[in-house]
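Heads up, the thing below is written out as structure tokens.
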Number of protein chains: 2
Amino acid sequence: MSNSAGPRSTARDERGFPRFWDEERETLDPAKRDQHILERIQHQLRYVYAELPFYRRHYDAHGFHPDQVRSLEDFTTKVPVITKQMLVADQRENPVFGSYTRTFRHGEIARIHGSSGTSGVPTMYAVSRNDWERAGEAHAMAQWCAGIRPDDLVQVGFPFGLFFGGWGVVQGAERIGATLFPLGVTDSERHLELIERLGSTVFSATPSYCIHLLSVAQRMGIDLPRGTVRHLLVGGEPGGSLPGTRQIIEEGWGAISADAGSTSEMYPFQTSIGCEAGTGTHLYTDEVFTEVVDADDANTPTPVGERGAIVYTHLWRESQPMIRFAPGDETYLSTAPCPCGRTYPRLPEGVLGRLDDMLVIRGANIFPSGIETALRSVEGFGPEFRILVRKVGALDELTVQAEYSGDTAARVQGSGPEEAERHRDTLVSRAEEALKRMVGIRVPVQLLEPGTLPETTFKARRVVDERPRH
Amino acid sequence: MSNSAGPRSTARDERGFPRFWDEERETLDPAKRDQHILERIQHQLRYVYAELPFYRRHYDAHGFHPDQVRSLEDFTTKVPVITKQMLVADQRENPVFGSYTRTFRHGEIARIHGSSGTSGVPTMYAVSRNDWERAGEAHAMAQWCAGIRPDDLVQVGFPFGLFFGGWGVVQGAERIGATLFPLGVTDSERHLELIERLGSTVFSATPSYCIHLLSVAQRMGIDLPRGTVRHLLVGGEPGGSLPGTRQIIEEGWGAISADAGSTSEMYPFQTSIGCEAGTGTHLYTDEVFTEVVDADDANTPTPVGERGAIVYTHLWRESQPMIRFAPGDETYLSTAPCPCGRTYPRLPEGVLGRLDDMLVIRGANIFPSGIETALRSVEGFGPEFRILVRKVGALDELTVQAEYSGDTAARVQGSGPEEAERHRDTLVSRAEEALKRMVGIRVPVQLLEPGTLPETTFKARRVVDERPRH
């Protein structure tokens, strides 16, 4: 594996750069790509079955053998999935990196990262040198798709440490040859000041933090849409491709926002990337094969366009390869052609959030992502909101607490008490109507003043579950 | 400039690795090296005079012209130095990066970092792609000298963000091919737990933080000297090469500590690196030429072995090159042969600290580094101490407040009140004697219980100046 020679593309974009990072690969006939994918799947299945005790035990227990996979359909219908819980348990029994990786020789691991589990013991991720090199290439290809070019100045607002996310932005920007400013976590004011001072053209952080910065900019009198940022690279949490959320981010920043999806288990390989054409996120299925399946039966595919559970497979990774990993996230697919020319399938709204986060309220299945989309569709709210889940008698009840925006606050303050109350009432009823339309039941909305809820500077914590624990 | 092909050395070390990163370069006859250095100096002087308004103005104002430099002696005696204050002023007048860099074309800058000034406006550093590449090679060469090898697992405790320091550790470890675990700033307990869990063999942070972790390890019952860490790579503040400080770190960790010196203005080029042989820090003078001069006259060299002000020159950097930059740090040189075989000069005690930090108390010149060395020479103290400077009448007076160690605390608690007092008195008089020997005047020592002073997790703040401001 050698360093990339930069983009390979004959087509040009409007800035005079190559249109694709790897034109032949990205615009390949999907049927031909599927053939490559099947070959890699068969290779990976043989590899993990022969070398990795975790997979051998799992497959033996399910009566599955790699020879049974002769088509992509076989792969979906016959190979048992793996889950986060299985990986955590295996890593506990087989420290440090689990028996889902082969033994490493000295110096063979390029990187170690981790994610803090609820138990306090982080899950550890090891990335071999080959994998790290290959993932860098995938990051560059994805960032190129998101519109990042060598003349960009990329300012990063992700933390750099145990968490994996920000380091991939570093890799991709370095490989593209853009200027990197890895500022990391710092005061929001400083981020905005330095965007202005340096003329940063790309900002990368969680979607929640990008929304949070909108209200900080307003407070500071900074007119972001007239500023230099033309692309946002968001990730680290779902929501960046929800239409209402993306619209708020894009209008607030005056920039195109691309959702860079992944999970720590799949990282540093990115699983999807928002397309500049605004059609959702492309799945680089020849790098990370991605299926959408029935949430209750991971061996039953979900028809294109219908919601289901997402399942990922590393086609090239040798260290801790994930084969049919089900992170518990929900999404739906589209295979309609994209105007950008890439022939990869898409997630029109990205990853919608975790199936585990689904709330069942009066018989209705409610996803926090649905509540976010509803709320973002109503003008007058600020960035911060939360969803309270409480037990009222025998029933679970929801309340949405949402801050109104600085603009609304100014309008309310500038009017008499009666008019102010009318403003507030209108805002509440609009939000409750939007919620009713989106989730099917009435959810009461409480208005809060700006600054009441804690500011989101990394990943948002929207759901506050106040139900007694069993 | 191409990627490094790894170490070039025929000699082997006891682990079977090449002994040098670049044997020919590192063991070159100093007279031959001086010839290369002079050529590079002449090149840089012509470049900055022709291209960079900051230098042209400065040199013209001093009646200096690059043609006047025909020897290294000419360089020292004729070229005016530049200071931090001059750079800050120039950057204010010529945003963003000052007129001490040429204009960059799009994509020509690889990295932007900064340092937060006292004014709150950070000084910005721009590193071109060529410079970033070259600095990576210098980091690898320096880390190799410090004993880092491809079979090492390097855990980093520096913050990753605006501050430059940690990123060079990343560059060097990646280039050497060691495993990198860039954990960054997190709980001290987590750092120690992950060192144990992963078996990290190198830990990199400020010397103060390495000392701080000793007391955390003791509290947690972790026996560091029996652990896996065999090398420490310390930097980000002076003190890592003070004999007492290094001894405490090395004995506490059971590891060899290498002081990686630099300043943000010279970074990402390292200026010096602790030698595994324990002889001080080597100056890579063919990368960053380093002089020691009279503190009051930067055009008068200080004889080898005598204390003076340090002056740095980038021999290869094209973006923001520093030519005779005087950071205000104090040190002394040695040119005695080093058993490691490298023919570079050394700083036997590294960089001793800032000349600005010098305190004049009752006519005596006192450096915080001297107080640290004295205190570290007495057994029974913990990691934290501070130096109070107060006005008593018309005189400035010093008091040293120092925490005793956990061991001392246990001994004091396990004894009767009289014996406990005797323990404490002995500790105080030993410390006061050591201070008297080191700084020449009597400095009272106050004992504090462990945990009284704030814990140092990044750079230490030792001097507390309580004198009224003018």
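Labels used: A, B, ... for chains in the order of the structure tokens, numbers from 1 for residues in each chain, and numbers from 1 for ligands as shown.
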- Message: Just want the 12 Å neighbourhood of Arg362 of chain B, counted on only C-alpha atoms, with same-chain residues fewer than 5 positions away dropped. Output as a VMD selection string.
- Response: chain B and resid 391 to 392 394 to 398 439 to 443
- Task: Output as a VMD selection string the set of chain B residues within 7 Å of chain A, with distances taken over only C-alpha atoms.
- Result: chain B and resid 96 106 to 107 109 to 113 150 to 152 160 to 162 177 to 184 197 to 198
Once you have the residues from the selection above, write them out as a PDB file, in the first residue's frame, restricted to C-alpha atoms.
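part_3.pdb, freshly written:
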ATOM      1  CA  VAL B  96      -2.540  36.843   9.899  1.00  0.00           C
ATOM      2  CA  HIS B 106      -3.681  28.106  -1.690  1.00  0.00           C
ATOM      3  CA  GLY B 107      -2.943  24.760  -0.132  1.00  0.00           C
ATOM      4  CA  ILE B 109       0.266  25.660   4.263  1.00  0.00           C
ATOM      5  CA  ALA B 110      -0.042  22.180   5.720  1.00  0.00           C
ATOM      6  CA  ARG B 111      -0.735  23.180   9.311  1.00  0.00           C
ATOM      7  CA  ILE B 112      -1.848  26.070  11.407  1.00  0.00           C
ATOM      8  CA  HIS B 113      -1.323  26.178  15.163  1.00  0.00           C
ATOM      9  CA  PRO B 150       9.229   0.573  16.076  1.00  0.00           C
ATOM     10  CA  ASP B 151       8.284  -1.931  18.787  1.00  0.00           C
ATOM     11  CA  ASP B 152       7.222   0.830  21.167  1.00  0.00           C
ATOM     12  CA  PHE B 160      -4.123  18.196  21.000  1.00  0.00           C
ATOM     13  CA  GLY B 161      -5.390  21.516  19.789  1.00  0.00           C
ATOM     14  CA  LEU B 162      -4.007  25.012  19.353  1.00  0.00           C
ATOM     15  CA  GLY B 177       6.547   3.083  12.857  1.00  0.00           C
ATOM     16  CA  ALA B 178       5.784   2.798  16.553  1.00  0.00           C
ATOM     17  CA  THR B 179       2.216   2.244  17.766  1.00  0.00           C
ATOM     18  CA  LEU B 180       0.592   5.534  18.655  1.00  0.00           C
ATOM     19  CA  PHE B 181      -2.011   5.979  21.378  1.00  0.00           C
ATOM     20  CA  PRO B 182      -2.805   9.722  21.379  1.00  0.00           C
ATOM     21  CA  LEU B 183      -5.002   9.772  24.477  1.00  0.00           C
ATOM     22  CA  GLY B 184      -4.370  13.476  25.135  1.00  0.00           C
ATOM     23  CA  ARG B 197      -3.994  -2.282  30.274  1.00  0.00           C
ATOM     24  CA  LEU B 198      -2.209  -1.657  26.967  1.00  0.00           C
TER      25      LEU B 198
END
- Query: In Å, with one decimal, what is the gap from atom CA of Leu233 of chain B to atom CA of Asp259 of chain B?
  - Reply: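 Going from atom CA of Leu233 of chain B over to atom CA of Asp259 of chain B, I get 6.1 Å.
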- Can you check which residues of segment 212-363 of chain B DSSP gives as alpha helix (DSSP H) on the backbone and send them as a VMD selection string? chain B and resid 212 to 220 243 to 253
- Query: Counting only C-alpha atoms, what is within 8 Å of Thr83 of chain B, bar same-chain residues fewer than 6 positions away, as a list of chain:residue names?
  - Reply: B:Phe325, B:Ala326, B:Pro327
- Message: Need to verify the contact set: Glu372 of chain B, 10 Å, only C-alpha atoms, exclusion of same-chain residues closer than 6 positions in sequence. Can you return it as a PyMOL selection string?
- Response: chain B and resi 239+242-245+385-387+400+435+438+462
- Could you jot down the atom CA of Arg40 of chain A to atom CA of Gly353 of chain A separation for me, Å, one decimal place?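 These atoms are spaced 28.4 Å apart.
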